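Here is the structure we will look at, set down as structure tokens.
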Amino acid sequence: MTITLPRETHFRHPDEKIIFHFWRPEKSLCQEHRHEYCELFLVEKGSGIHVINEKPHLLTAGTLCYLNRHDYHLFEEMKNIRQVNLLYLAPDRFNVLKSIEHLLIQPGESRVWQINMRVMQQIIVRLMAHSTTKYENKLLCESHKEAIFLETLHTLNQWRYKTQDFASSDDRISQIIIWLNNHLADPLDMTRLCQTFAISRRTLQRGFVDYTGVSPQKYLTITRLLQAKYHLQYGDMTISEAGKRVGFNEVSYFSRQFRKQFGISPGQCL
């Protein structure tokens with residue numbers, strides 16, 4: 001059953017329209033839930049699985065997620081996750097900010113992105129520089145938070161669409177992760193991937209492991225298996241259909257990889 005976290009979970013003052021929350025996800029939030037507020041979060045370190053609206057995504061350093069009030073999600077297999085949550089009531093519920101919808105995700109866009117870690121660290125440092133104790137006036141404190149939030153949205157908007165003229169190999173790795181997430185069923189062609197993103201195979205392999213903890217091949221396999229698992233749990237697909245949907249054309253190979261990853265057979269998810 002999906003639970004709803006009320007506004008009062010984090011918003012304790014009537015002038016509070018945004019919260020900066022430096023967070024380590026707890027096991028108590030592995031239950032599927034939604035909020036009476038919106039959220040975006042940045043993963044600073046660690047790994048895990050984030051299931052949004054029944055679709056799983058791997059969390060790694062540099063992951064950026066956007067969640068609206070109608071979205072529901074849960075966390076699984078969290079390992080040393082450290083993230084920064086930006087919680088806000090709604091795009092039109094601030095004290096001073098107006099018309100920020102163009103800086104948020106648009107209908108039909110992915111809710112999950114990868115951001116260059118250098119840029120993410122700059123954002124986190126900026127967020128941490130805010131201190132509520134500096135302000136005697138609550139409204140001044142909140143308007144300062146909203147100014148930082150606007151600055152953050154501008155930066156994230158710019159970097160989540162960055163697909164060329166990369167400044168570093170980290171930029172390329174973050175975009176390769178986005179590409180892989182959007183092409184789960186496609187065969188992995190490392191030569192073409194290196195050509196497309198102007199990166200050497202050695203740099204790609206080493207950088208990908210540094211970024212995600214696993215190789216590109218392993219990342220793609222895990223993500224495919226996670227997606228297939230949720231097709232089986234929440235959809236009406238057969239084992240063969242679920243496997244083929246994410247790029248496993250042989251049922252026997254799909255079943256072996258599934259059991260290796262999850263310790264159960266695909267049939268036990270039906």
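By convention in this document, the chains of the structure tokens carry letters A, B, ... by their order, each chain's residues are numbered from 1, and ligands are numbered from 1 in the order they are shown.
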Residues of segment 225-248 of chain A that approach segment 169-193 of chain A to 12 Å or less, counting only C-alpha atoms: could you list each one with the shortest pair of atoms and its distance in Å to one decimal, rows by chain and increasing residue number, as a tab-separated table?
```
residue	atom	partner	partner_atom	distance
A:Leu225	CA	A:Leu184	CA	9.9
A:Leu226	CA	A:Leu184	CA	10.9
A:Gln227	CA	A:Leu184	CA	9.0
A:Ala228	CA	A:Leu184	CA	10.5
A:Ala242	CA	A:Ala185	CA	10.9
A:Gly243	CA	A:Ala185	CA	9.4
A:Lys244	CA	A:Ala185	CA	7.7
A:Arg245	CA	A:Ala185	CA	6.6
A:Val246	CA	A:Ala185	CA	4.4
A:Gly247	CA	A:Ala185	CA	3.9
A:Phe248	CA	A:Ala185	CA	7.7
```
Quick one: write out the picked residues with all heavy atoms as an mmCIF file, in the first residue's frame?
```cif
data_model
loop_
_atom_site.group_PDB
_atom_site.id
_atom_site.type_symbol
_atom_site.label_atom_id
_atom_site.label_comp_id
_atom_site.auth_asym_id
_atom_site.auth_seq_id
_atom_site.Cartn_x
_atom_site.Cartn_y
_atom_site.Cartn_z
ATOM 1 N N LEU A 225 17.662 -6.050 -15.958
ATOM 2 C CA LEU A 225 17.037 -7.033 -15.079
ATOM 3 C C LEU A 225 16.060 -6.380 -14.106
ATOM 4 O O LEU A 225 14.977 -6.920 -13.825
ATOM 5 C CB LEU A 225 18.109 -7.807 -14.314
ATOM 6 C CG LEU A 225 18.961 -8.764 -15.151
ATOM 7 C CD1 LEU A 225 20.147 -9.267 -14.345
ATOM 8 C CD2 LEU A 225 18.121 -9.935 -15.661
ATOM 9 N N LEU A 226 16.434 -5.215 -13.587
ATOM 10 C CA LEU A 226 15.531 -4.495 -12.690
ATOM 11 C C LEU A 226 14.232 -4.133 -13.408
ATOM 12 O O LEU A 226 13.135 -4.291 -12.867
ATOM 13 C CB LEU A 226 16.208 -3.221 -12.178
ATOM 14 C CG LEU A 226 17.269 -3.401 -11.091
ATOM 15 C CD1 LEU A 226 18.045 -2.108 -10.904
ATOM 16 C CD2 LEU A 226 16.626 -3.817 -9.780
ATOM 17 N N GLN A 227 14.367 -3.651 -14.651
ATOM 18 C CA GLN A 227 13.176 -3.271 -15.401
ATOM 19 C C GLN A 227 12.307 -4.489 -15.695
ATOM 20 O O GLN A 227 11.078 -4.442 -15.567
ATOM 21 C CB GLN A 227 13.576 -2.585 -16.695
ATOM 22 C CG GLN A 227 12.406 -1.963 -17.446
ATOM 23 C CD GLN A 227 11.730 -0.877 -16.631
ATOM 24 O OE1 GLN A 227 12.279 0.198 -16.456
ATOM 25 N NE2 GLN A 227 10.551 -1.149 -16.119
ATOM 26 N N ALA A 228 12.944 -5.592 -16.067
ATOM 27 C CA ALA A 228 12.183 -6.812 -16.341
ATOM 28 C C ALA A 228 11.466 -7.298 -15.089
ATOM 29 O O ALA A 228 10.306 -7.749 -15.152
ATOM 30 C CB ALA A 228 13.129 -7.899 -16.861
ATOM 31 N N ALA A 242 8.797 -10.116 -20.990
ATOM 32 C CA ALA A 242 9.539 -9.198 -20.113
ATOM 33 C C ALA A 242 11.010 -9.174 -20.471
ATOM 34 O O ALA A 242 11.653 -8.120 -20.484
ATOM 35 C CB ALA A 242 9.349 -9.601 -18.653
ATOM 36 N N GLY A 243 11.564 -10.349 -20.767
ATOM 37 C CA GLY A 243 12.964 -10.416 -21.147
ATOM 38 C C GLY A 243 13.242 -9.704 -22.453
ATOM 39 O O GLY A 243 14.186 -8.923 -22.562
ATOM 40 N N LYS A 244 12.405 -9.958 -23.447
ATOM 41 C CA LYS A 244 12.596 -9.328 -24.752
ATOM 42 C C LYS A 244 12.404 -7.822 -24.692
ATOM 43 O O LYS A 244 13.070 -7.080 -25.424
ATOM 44 C CB LYS A 244 11.633 -9.936 -25.768
ATOM 45 C CG LYS A 244 12.001 -11.353 -26.179
ATOM 46 C CD LYS A 244 11.014 -11.923 -27.196
ATOM 47 C CE LYS A 244 11.426 -13.332 -27.605
ATOM 48 N NZ LYS A 244 10.470 -13.934 -28.581
ATOM 49 N N ARG A 245 11.527 -7.349 -23.834
ATOM 50 C CA ARG A 245 11.273 -5.912 -23.717
ATOM 51 C C ARG A 245 12.556 -5.153 -23.349
ATOM 52 O O ARG A 245 12.726 -4.005 -23.754
ATOM 53 C CB ARG A 245 10.184 -5.652 -22.676
ATOM 54 C CG ARG A 245 9.921 -4.184 -22.359
ATOM 55 C CD ARG A 245 9.336 -3.433 -23.551
ATOM 56 N NE ARG A 245 8.015 -3.900 -23.876
ATOM 57 C CZ ARG A 245 6.893 -3.399 -23.355
ATOM 58 N NH1 ARG A 245 6.959 -2.410 -22.466
ATOM 59 N NH2 ARG A 245 5.720 -3.880 -23.712
ATOM 60 N N VAL A 246 13.439 -5.798 -22.593
ATOM 61 C CA VAL A 246 14.648 -5.109 -22.149
ATOM 62 C C VAL A 246 15.917 -5.656 -22.808
ATOM 63 O O VAL A 246 17.026 -5.357 -22.374
ATOM 64 C CB VAL A 246 14.789 -5.174 -20.616
ATOM 65 C CG1 VAL A 246 13.650 -4.440 -19.940
ATOM 66 C CG2 VAL A 246 14.858 -6.618 -20.123
ATOM 67 N N GLY A 247 15.757 -6.465 -23.870
ATOM 68 C CA GLY A 247 16.926 -6.857 -24.648
ATOM 69 C C GLY A 247 17.428 -8.267 -24.467
ATOM 70 O O GLY A 247 18.452 -8.648 -25.042
ATOM 71 N N PHE A 248 16.725 -9.113 -23.676
ATOM 72 C CA PHE A 248 17.117 -10.522 -23.522
ATOM 73 C C PHE A 248 16.257 -11.356 -24.471
ATOM 74 O O PHE A 248 15.084 -11.603 -24.198
ATOM 75 C CB PHE A 248 16.905 -10.993 -22.086
ATOM 76 C CG PHE A 248 17.844 -10.380 -21.086
ATOM 77 C CD1 PHE A 248 17.461 -9.285 -20.335
ATOM 78 C CD2 PHE A 248 19.118 -10.895 -20.898
ATOM 79 C CE1 PHE A 248 18.317 -8.711 -19.410
ATOM 80 C CE2 PHE A 248 19.986 -10.332 -19.972
ATOM 81 C CZ PHE A 248 19.590 -9.234 -19.232
#
```
Just list the residues in segment 12-256 of chain A DSSP gives strand (DSSP E) on the backbone, as a PyMOL selection string. chain A and resi 18-23+33-35+38-52+55-59+63-67+73-88+112-114
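Here atom CA of Leu140 of chain A is placed at a distance of 26.7 Å from atom CA of Arg69 of chain A.
Distances to Phe75 of chain A were evaluated for A:Arg206, A:Arg259, A:His57, A:His21 using only C-alpha atoms, and the minimum falls at A:His57.
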A:Gly207, A:His50, A:Gln217, A:Leu40 ranked by distance to Leu153 of chain A, top pick (using only C-alpha atoms): A:Leu40
As JSON, numbers by chain, please: the residues near Ser110 of chain A (cut-off 9 Å, only C-alpha atoms, same-chain neighbours under 4 positions excluded). {"A": [65, 66, 105, 106]}
I'd like to know which residues of segment 203-242 of chain A are helix (DSSP H, G or I) (by DSSP, run on the backbone); could you write them as a short mmCIF file (atom, residue, chain, number, x, y, z; two decimals) with all heavy atoms, in the first residue's frame?
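result-v4.cif, written as the output of this step:
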```cif
data_model
loop_
_atom_site.label_atom_id
_atom_site.label_comp_id
_atom_site.auth_asym_id
_atom_site.auth_seq_id
_atom_site.Cartn_x
_atom_site.Cartn_y
_atom_site.Cartn_z
N THR A 203 39.22 5.05 -21.06
CA THR A 203 38.69 6.12 -20.21
C THR A 203 37.23 5.86 -19.86
O THR A 203 36.80 6.10 -18.72
CB THR A 203 38.82 7.48 -20.91
OG1 THR A 203 40.20 7.74 -21.19
CG2 THR A 203 38.28 8.61 -20.03
N LEU A 204 36.49 5.34 -20.83
CA LEU A 204 35.08 5.01 -20.57
C LEU A 204 34.96 3.93 -19.50
O LEU A 204 34.19 4.09 -18.54
CB LEU A 204 34.41 4.55 -21.87
CG LEU A 204 33.00 3.96 -21.74
CD1 LEU A 204 32.05 4.92 -21.04
CD2 LEU A 204 32.45 3.57 -23.11
N GLN A 205 35.71 2.85 -19.66
CA GLN A 205 35.61 1.75 -18.70
C GLN A 205 36.03 2.20 -17.29
O GLN A 205 35.33 1.94 -16.31
CB GLN A 205 36.51 0.59 -19.15
CG GLN A 205 36.02 -0.13 -20.40
CD GLN A 205 34.90 -1.12 -20.12
OE1 GLN A 205 34.36 -1.19 -19.02
NE2 GLN A 205 34.52 -1.89 -21.13
N ARG A 206 37.18 2.88 -17.20
CA ARG A 206 37.68 3.32 -15.90
C ARG A 206 36.77 4.38 -15.29
O ARG A 206 36.43 4.31 -14.10
CB ARG A 206 39.09 3.87 -16.06
CG ARG A 206 39.76 4.24 -14.73
CD ARG A 206 41.16 4.74 -14.96
NE ARG A 206 41.17 5.94 -15.76
CZ ARG A 206 41.95 6.13 -16.82
NH1 ARG A 206 42.79 5.18 -17.21
NH2 ARG A 206 41.90 7.26 -17.50
N GLY A 207 36.35 5.35 -16.10
CA GLY A 207 35.50 6.42 -15.60
C GLY A 207 34.13 5.92 -15.17
O GLY A 207 33.57 6.40 -14.19
N PHE A 208 33.60 4.94 -15.90
CA PHE A 208 32.28 4.40 -15.57
C PHE A 208 32.30 3.69 -14.23
O PHE A 208 31.38 3.85 -13.41
CB PHE A 208 31.82 3.44 -16.67
CG PHE A 208 30.34 3.37 -16.84
CD1 PHE A 208 29.67 4.16 -17.77
CD2 PHE A 208 29.57 2.52 -16.05
CE1 PHE A 208 28.30 4.11 -17.92
CE2 PHE A 208 28.20 2.45 -16.19
CZ PHE A 208 27.56 3.25 -17.12
N VAL A 209 33.37 2.92 -13.98
CA VAL A 209 33.49 2.23 -12.69
C VAL A 209 33.65 3.24 -11.57
O VAL A 209 33.05 3.10 -10.49
CB VAL A 209 34.68 1.25 -12.71
CG1 VAL A 209 34.94 0.68 -11.32
CG2 VAL A 209 34.42 0.11 -13.69
N ASP A 210 34.44 4.28 -11.79
CA ASP A 210 34.61 5.33 -10.77
C ASP A 210 33.28 6.01 -10.47
O ASP A 210 32.98 6.35 -9.32
CB ASP A 210 35.62 6.38 -11.24
CG ASP A 210 37.05 5.85 -11.26
OD1 ASP A 210 37.29 4.81 -10.62
OD2 ASP A 210 37.89 6.47 -11.92
N TYR A 211 32.47 6.19 -11.50
CA TYR A 211 31.22 6.94 -11.39
C TYR A 211 30.11 6.09 -10.76
O TYR A 211 29.34 6.57 -9.93
CB TYR A 211 30.80 7.39 -12.78
CG TYR A 211 30.11 8.73 -12.86
CD1 TYR A 211 30.75 9.84 -13.40
CD2 TYR A 211 28.79 8.89 -12.43
CE1 TYR A 211 30.11 11.06 -13.50
CE2 TYR A 211 28.15 10.12 -12.52
CZ TYR A 211 28.82 11.19 -13.06
OH TYR A 211 28.18 12.40 -13.15
N THR A 212 30.01 4.82 -11.18
CA THR A 212 28.86 4.00 -10.79
C THR A 212 29.22 2.80 -9.91
O THR A 212 28.33 2.21 -9.29
CB THR A 212 28.13 3.46 -12.03
OG1 THR A 212 29.00 2.51 -12.70
CG2 THR A 212 27.78 4.57 -13.01
N PRO A 216 30.22 -0.52 -17.70
CA PRO A 216 29.03 -0.23 -18.53
C PRO A 216 28.22 -1.48 -18.82
O PRO A 216 26.97 -1.44 -18.81
CB PRO A 216 29.64 0.35 -19.82
CG PRO A 216 30.97 0.89 -19.42
CD PRO A 216 31.46 -0.03 -18.33
N GLN A 217 28.91 -2.59 -19.08
CA GLN A 217 28.20 -3.85 -19.37
C GLN A 217 27.37 -4.30 -18.17
O GLN A 217 26.20 -4.68 -18.32
CB GLN A 217 29.21 -4.94 -19.76
CG GLN A 217 29.99 -4.65 -21.03
CD GLN A 217 31.27 -3.84 -20.80
OE1 GLN A 217 31.42 -3.19 -19.76
NE2 GLN A 217 32.19 -3.89 -21.75
N LYS A 218 27.98 -4.25 -16.97
CA LYS A 218 27.27 -4.67 -15.76
C LYS A 218 26.12 -3.71 -15.45
O LYS A 218 25.03 -4.14 -15.05
CB LYS A 218 28.25 -4.72 -14.59
CG LYS A 218 27.66 -5.23 -13.29
CD LYS A 218 27.25 -6.69 -13.38
CE LYS A 218 26.82 -7.23 -12.04
NZ LYS A 218 26.36 -8.64 -12.12
N TYR A 219 26.36 -2.42 -15.61
CA TYR A 219 25.31 -1.42 -15.36
C TYR A 219 24.10 -1.70 -16.23
O TYR A 219 22.96 -1.70 -15.76
CB TYR A 219 25.86 -0.02 -15.64
CG TYR A 219 24.85 1.09 -15.43
CD1 TYR A 219 24.74 1.74 -14.20
CD2 TYR A 219 24.00 1.50 -16.46
CE1 TYR A 219 23.82 2.75 -14.00
CE2 TYR A 219 23.08 2.51 -16.27
CZ TYR A 219 22.99 3.13 -15.04
OH TYR A 219 22.07 4.13 -14.85
N LEU A 220 24.34 -1.93 -17.52
CA LEU A 220 23.24 -2.18 -18.44
C LEU A 220 22.50 -3.46 -18.09
O LEU A 220 21.27 -3.50 -18.11
CB LEU A 220 23.77 -2.23 -19.87
CG LEU A 220 22.72 -2.29 -20.98
CD1 LEU A 220 21.80 -1.07 -20.93
CD2 LEU A 220 23.39 -2.37 -22.35
N THR A 221 23.25 -4.51 -17.73
CA THR A 221 22.61 -5.78 -17.37
C THR A 221 21.74 -5.63 -16.13
O THR A 221 20.59 -6.09 -16.11
CB THR A 221 23.69 -6.86 -17.12
OG1 THR A 221 24.42 -7.09 -18.32
CG2 THR A 221 23.04 -8.17 -16.67
N ILE A 222 22.27 -4.97 -15.10
CA ILE A 222 21.49 -4.79 -13.87
C ILE A 222 20.24 -3.97 -14.14
O ILE A 222 19.14 -4.30 -13.67
CB ILE A 222 22.35 -4.11 -12.79
CG1 ILE A 222 23.49 -5.02 -12.35
CG2 ILE A 222 21.50 -3.73 -11.58
CD1 ILE A 222 24.49 -4.36 -11.41
N THR A 223 20.38 -2.90 -14.90
CA THR A 223 19.23 -2.04 -15.18
C THR A 223 18.18 -2.78 -15.99
O THR A 223 16.98 -2.66 -15.75
CB THR A 223 19.68 -0.78 -15.94
OG1 THR A 223 20.72 -0.13 -15.22
CG2 THR A 223 18.52 0.20 -16.10
N ARG A 224 18.62 -3.58 -16.95
CA ARG A 224 17.68 -4.39 -17.73
C ARG A 224 16.92 -5.37 -16.83
O ARG A 224 15.69 -5.53 -16.95
CB ARG A 224 18.44 -5.17 -18.81
CG ARG A 224 18.88 -4.35 -20.00
CD ARG A 224 19.79 -5.16 -20.90
NE ARG A 224 20.03 -4.49 -22.17
CZ ARG A 224 20.92 -4.91 -23.07
NH1 ARG A 224 21.64 -5.99 -22.82
NH2 ARG A 224 21.08 -4.25 -24.19
N LEU A 225 17.66 -6.05 -15.96
CA LEU A 225 17.04 -7.03 -15.08
C LEU A 225 16.06 -6.38 -14.11
O LEU A 225 14.98 -6.92 -13.82
CB LEU A 225 18.11 -7.81 -14.31
CG LEU A 225 18.96 -8.76 -15.15
CD1 LEU A 225 20.15 -9.27 -14.35
CD2 LEU A 225 18.12 -9.94 -15.66
N LEU A 226 16.43 -5.22 -13.59
CA LEU A 226 15.53 -4.49 -12.69
C LEU A 226 14.23 -4.13 -13.41
O LEU A 226 13.13 -4.29 -12.87
CB LEU A 226 16.21 -3.22 -12.18
CG LEU A 226 17.27 -3.40 -11.09
CD1 LEU A 226 18.04 -2.11 -10.90
CD2 LEU A 226 16.63 -3.82 -9.78
N GLN A 227 14.37 -3.65 -14.65
CA GLN A 227 13.18 -3.27 -15.40
C GLN A 227 12.31 -4.49 -15.70
O GLN A 227 11.08 -4.44 -15.57
CB GLN A 227 13.58 -2.59 -16.70
CG GLN A 227 12.41 -1.96 -17.45
CD GLN A 227 11.73 -0.88 -16.63
OE1 GLN A 227 12.28 0.20 -16.46
NE2 GLN A 227 10.55 -1.15 -16.12
N ALA A 228 12.94 -5.59 -16.07
CA ALA A 228 12.18 -6.81 -16.34
C ALA A 228 11.47 -7.30 -15.09
O ALA A 228 10.31 -7.75 -15.15
CB ALA A 228 13.13 -7.90 -16.86
N LYS A 229 12.13 -7.21 -13.95
CA LYS A 229 11.52 -7.64 -12.69
C LYS A 229 10.23 -6.88 -12.41
O LYS A 229 9.21 -7.47 -12.00
CB LYS A 229 12.51 -7.44 -11.55
CG LYS A 229 11.99 -7.86 -10.18
CD LYS A 229 13.02 -7.56 -9.10
CE LYS A 229 12.51 -7.93 -7.71
NZ LYS A 229 13.46 -7.53 -6.65
N TYR A 230 10.25 -5.58 -12.67
CA TYR A 230 9.06 -4.80 -12.39
C TYR A 230 7.98 -4.97 -13.45
O TYR A 230 6.80 -4.83 -13.16
CB TYR A 230 9.44 -3.33 -12.20
CG TYR A 230 10.02 -3.11 -10.81
CD1 TYR A 230 11.37 -3.30 -10.57
CD2 TYR A 230 9.21 -2.82 -9.72
CE1 TYR A 230 11.90 -3.16 -9.30
CE2 TYR A 230 9.73 -2.69 -8.45
CZ TYR A 230 11.06 -2.87 -8.25
OH TYR A 230 11.59 -2.76 -6.99
N HIS A 231 8.37 -5.33 -14.67
CA HIS A 231 7.36 -5.71 -15.66
C HIS A 231 6.62 -6.95 -15.18
O HIS A 231 5.40 -7.06 -15.32
CB HIS A 231 8.02 -5.99 -17.01
CG HIS A 231 8.43 -4.78 -17.78
ND1 HIS A 231 7.65 -3.64 -17.86
CD2 HIS A 231 9.55 -4.52 -18.51
CE1 HIS A 231 8.26 -2.75 -18.61
NE2 HIS A 231 9.41 -3.25 -19.02
N LEU A 232 7.36 -7.89 -14.61
CA LEU A 232 6.75 -9.14 -14.15
C LEU A 232 5.90 -8.90 -12.90
O LEU A 232 4.82 -9.47 -12.76
CB LEU A 232 7.84 -10.16 -13.84
CG LEU A 232 8.63 -10.69 -15.05
CD1 LEU A 232 9.82 -11.53 -14.59
CD2 LEU A 232 7.73 -11.50 -15.97
N GLN A 233 6.38 -8.07 -11.99
CA GLN A 233 5.67 -7.84 -10.73
C GLN A 233 4.41 -7.01 -10.92
O GLN A 233 3.39 -7.27 -10.28
CB GLN A 233 6.60 -7.16 -9.73
CG GLN A 233 7.67 -8.06 -9.16
CD GLN A 233 8.57 -7.34 -8.18
OE1 GLN A 233 8.91 -6.17 -8.38
NE2 GLN A 233 8.97 -8.02 -7.12
N TYR A 234 4.48 -6.00 -11.78
CA TYR A 234 3.38 -5.04 -11.86
C TYR A 234 2.59 -5.11 -13.17
O TYR A 234 1.52 -4.53 -13.28
CB TYR A 234 3.91 -3.62 -11.68
CG TYR A 234 4.51 -3.37 -10.32
CD1 TYR A 234 5.88 -3.35 -10.14
CD2 TYR A 234 3.70 -3.17 -9.20
CE1 TYR A 234 6.44 -3.12 -8.88
CE2 TYR A 234 4.25 -2.94 -7.95
CZ TYR A 234 5.63 -2.93 -7.80
OH TYR A 234 6.17 -2.71 -6.56
N ILE A 239 7.19 -14.26 -19.04
CA ILE A 239 8.64 -14.19 -18.79
C ILE A 239 9.38 -13.85 -20.08
O ILE A 239 10.28 -13.01 -20.10
CB ILE A 239 9.15 -15.53 -18.21
CG1 ILE A 239 8.56 -15.74 -16.82
CG2 ILE A 239 10.67 -15.55 -18.16
CD1 ILE A 239 8.87 -17.11 -16.24
N SER A 240 8.98 -14.47 -21.17
CA SER A 240 9.62 -14.21 -22.46
C SER A 240 9.42 -12.75 -22.89
O SER A 240 10.36 -12.10 -23.35
CB SER A 240 9.06 -15.15 -23.53
OG SER A 240 9.60 -14.85 -24.80
N GLU A 241 8.21 -12.24 -22.73
CA GLU A 241 7.91 -10.87 -23.12
C GLU A 241 8.70 -9.86 -22.29
O GLU A 241 9.23 -8.87 -22.82
CB GLU A 241 6.41 -10.59 -23.00
CG GLU A 241 5.57 -11.31 -24.03
CD GLU A 241 4.09 -11.22 -23.73
OE1 GLU A 241 3.72 -10.95 -22.56
OE2 GLU A 241 3.28 -11.44 -24.67
N ALA A 242 8.80 -10.12 -20.99
CA ALA A 242 9.54 -9.20 -20.11
C ALA A 242 11.01 -9.17 -20.47
O ALA A 242 11.65 -8.12 -20.48
CB ALA A 242 9.35 -9.60 -18.65
#
```
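Take the candidates A:Leu270, A:Ile115, A:Ile123, A:Leu64 and check each one against Glu39 of chain A using only C-alpha atoms; the shortest distance goes to A:Leu64.
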Atomic separation - atom CA of Leu74 of chain A relative to atom CA of Phe149 of chain A, Å: 24.6 Å
Counting only C-alpha atoms, closest pick from A:Gly46, A:Arg82, A:Glu8, A:Glu16 relative to Lys145 of chain A is A:Glu16
Could you list, as a list in words, every residue within 12 Å of Asn95 of chain A, counting only C-alpha atoms and ignoring same-chain residues fewer than 2 positions away? Pro14, Asp15, Glu16, Lys17, Ile18, Tyr88, Leu89, Ala90, Pro91, Asp92, Arg93, Leu97, Lys98, Lys138, Leu139, Leu140, Cys141, Glu142, Ser143, His144, Lys145, Glu146 and Ala147 of chain A
Work out how far atom CA of Lys79 of chain A is from atom CA of Tyr37 of chain A, in Å to one decimal. 26.1 Å
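Within the 9 Å cut-off around Thr60 of chain A, using only C-alpha atoms and omitting residues fewer than 2 positions from it on the same chain, the listed residues are Val43, Glu44, Lys45, Gly46, Ser47, Gly48, Ile49, Leu58, Gly62, Thr63, Ile81, Gln114, Tyr211, Thr212 and Gly213 of chain A.
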Write a file of the just-selected residues containing all heavy atoms, as a tab-separated table (two decimals), in the first residue's frame.
```tsv
chain	number	residue	atom	x	y	z
A	43	VAL	N	22.25	12.90	-5.65
A	43	VAL	CA	23.00	11.87	-4.95
A	43	VAL	C	24.48	12.25	-4.95
A	43	VAL	O	25.11	12.35	-6.00
A	43	VAL	CB	22.81	10.49	-5.61
A	43	VAL	CG1	23.64	9.44	-4.87
A	43	VAL	CG2	21.34	10.10	-5.59
A	44	GLU	N	25.02	12.47	-3.76
A	44	GLU	CA	26.41	12.87	-3.62
A	44	GLU	C	27.36	11.67	-3.64
A	44	GLU	O	28.45	11.73	-4.20
A	44	GLU	CB	26.60	13.66	-2.33
A	44	GLU	CG	27.99	14.20	-2.13
A	44	GLU	CD	28.13	14.99	-0.84
A	44	GLU	OE1	27.17	15.04	-0.04
A	44	GLU	OE2	29.22	15.56	-0.63
A	45	LYS	N	26.93	10.56	-3.03
A	45	LYS	CA	27.77	9.36	-3.01
A	45	LYS	C	26.90	8.15	-2.73
A	45	LYS	O	25.74	8.27	-2.34
A	45	LYS	CB	28.86	9.48	-1.94
A	45	LYS	CG	28.34	9.55	-0.51
A	45	LYS	CD	29.47	9.53	0.50
A	45	LYS	CE	30.21	8.22	0.50
A	45	LYS	NZ	31.21	8.12	1.58
A	46	GLY	N	27.50	6.96	-2.90
A	46	GLY	CA	26.78	5.73	-2.61
A	46	GLY	C	26.05	5.18	-3.83
A	46	GLY	O	26.18	5.67	-4.94
A	47	SER	N	25.27	4.13	-3.59
A	47	SER	CA	24.51	3.50	-4.67
A	47	SER	C	23.23	2.92	-4.10
A	47	SER	O	23.07	2.76	-2.89
A	47	SER	CB	25.34	2.39	-5.34
A	47	SER	OG	25.62	1.36	-4.41
A	48	GLY	N	22.32	2.60	-4.97
A	48	GLY	CA	21.05	2.01	-4.55
A	48	GLY	C	20.10	1.91	-5.72
A	48	GLY	O	20.48	2.15	-6.88
A	49	ILE	N	18.89	1.52	-5.43
A	49	ILE	CA	17.84	1.42	-6.45
A	49	ILE	C	16.70	2.35	-6.05
A	49	ILE	O	16.25	2.33	-4.91
A	49	ILE	CB	17.32	-0.03	-6.56
A	49	ILE	CG1	18.46	-0.96	-6.99
A	49	ILE	CG2	16.16	-0.11	-7.55
A	49	ILE	CD1	18.11	-2.43	-6.88
A	58	LEU	N	18.96	2.87	-11.21
A	58	LEU	CA	20.11	2.75	-10.34
A	58	LEU	C	20.53	4.14	-9.87
A	58	LEU	O	20.62	5.07	-10.68
A	58	LEU	CB	21.28	2.10	-11.07
A	58	LEU	CG	21.14	0.62	-11.43
A	58	LEU	CD1	22.44	0.12	-12.05
A	58	LEU	CD2	20.79	-0.22	-10.21
A	62	GLY	N	26.06	11.54	-8.63
A	62	GLY	CA	25.72	12.35	-9.79
A	62	GLY	C	24.29	12.22	-10.27
A	62	GLY	O	23.86	12.95	-11.16
A	63	THR	N	23.53	11.28	-9.67
A	63	THR	CA	22.13	11.12	-10.09
A	63	THR	C	21.29	12.30	-9.60
A	63	THR	O	21.42	12.75	-8.46
A	63	THR	CB	21.53	9.82	-9.53
A	63	THR	OG1	22.28	8.71	-10.02
A	63	THR	CG2	20.07	9.65	-9.98
A	81	ILE	N	24.41	5.61	0.80
A	81	ILE	CA	23.83	6.73	0.07
A	81	ILE	C	23.89	8.00	0.90
A	81	ILE	O	23.57	8.01	2.08
A	81	ILE	CB	22.35	6.44	-0.29
A	81	ILE	CG1	22.26	5.49	-1.50
A	81	ILE	CG2	21.59	7.71	-0.60
A	81	ILE	CD1	22.52	6.14	-2.83
A	114	GLN	N	21.67	12.49	-15.05
A	114	GLN	CA	23.00	12.43	-14.47
A	114	GLN	C	23.66	13.79	-14.65
A	114	GLN	O	23.62	14.37	-15.74
A	114	GLN	CB	23.86	11.36	-15.15
A	114	GLN	CG	23.48	9.94	-14.79
A	114	GLN	CD	23.70	9.61	-13.33
A	114	GLN	OE1	22.84	9.00	-12.69
A	114	GLN	NE2	24.84	10.00	-12.78
A	211	TYR	N	32.47	6.19	-11.50
A	211	TYR	CA	31.22	6.94	-11.39
A	211	TYR	C	30.11	6.09	-10.76
A	211	TYR	O	29.34	6.57	-9.93
A	211	TYR	CB	30.80	7.39	-12.78
A	211	TYR	CG	30.11	8.73	-12.86
A	211	TYR	CD1	30.75	9.84	-13.40
A	211	TYR	CD2	28.79	8.89	-12.43
A	211	TYR	CE1	30.11	11.06	-13.50
A	211	TYR	CE2	28.15	10.12	-12.52
A	211	TYR	CZ	28.82	11.19	-13.06
A	211	TYR	OH	28.18	12.40	-13.15
A	212	THR	N	30.01	4.82	-11.18
A	212	THR	CA	28.86	4.00	-10.79
A	212	THR	C	29.22	2.80	-9.91
A	212	THR	O	28.33	2.21	-9.29
A	212	THR	CB	28.13	3.46	-12.03
A	212	THR	OG1	29.00	2.51	-12.70
A	212	THR	CG2	27.78	4.57	-13.01
A	213	GLY	N	30.50	2.42	-9.88
A	213	GLY	CA	30.90	1.24	-9.13
A	213	GLY	C	30.87	-0.03	-9.95
A	213	GLY	O	31.30	-1.09	-9.47
```
Env of Val51 of chain A: 6 Å cut, atoms = only C-alpha atoms, seq-sep filter 2 positions within chain, self excluded. Answer as a VMD selection string. chain A and resid 54 to 56 73 to 74
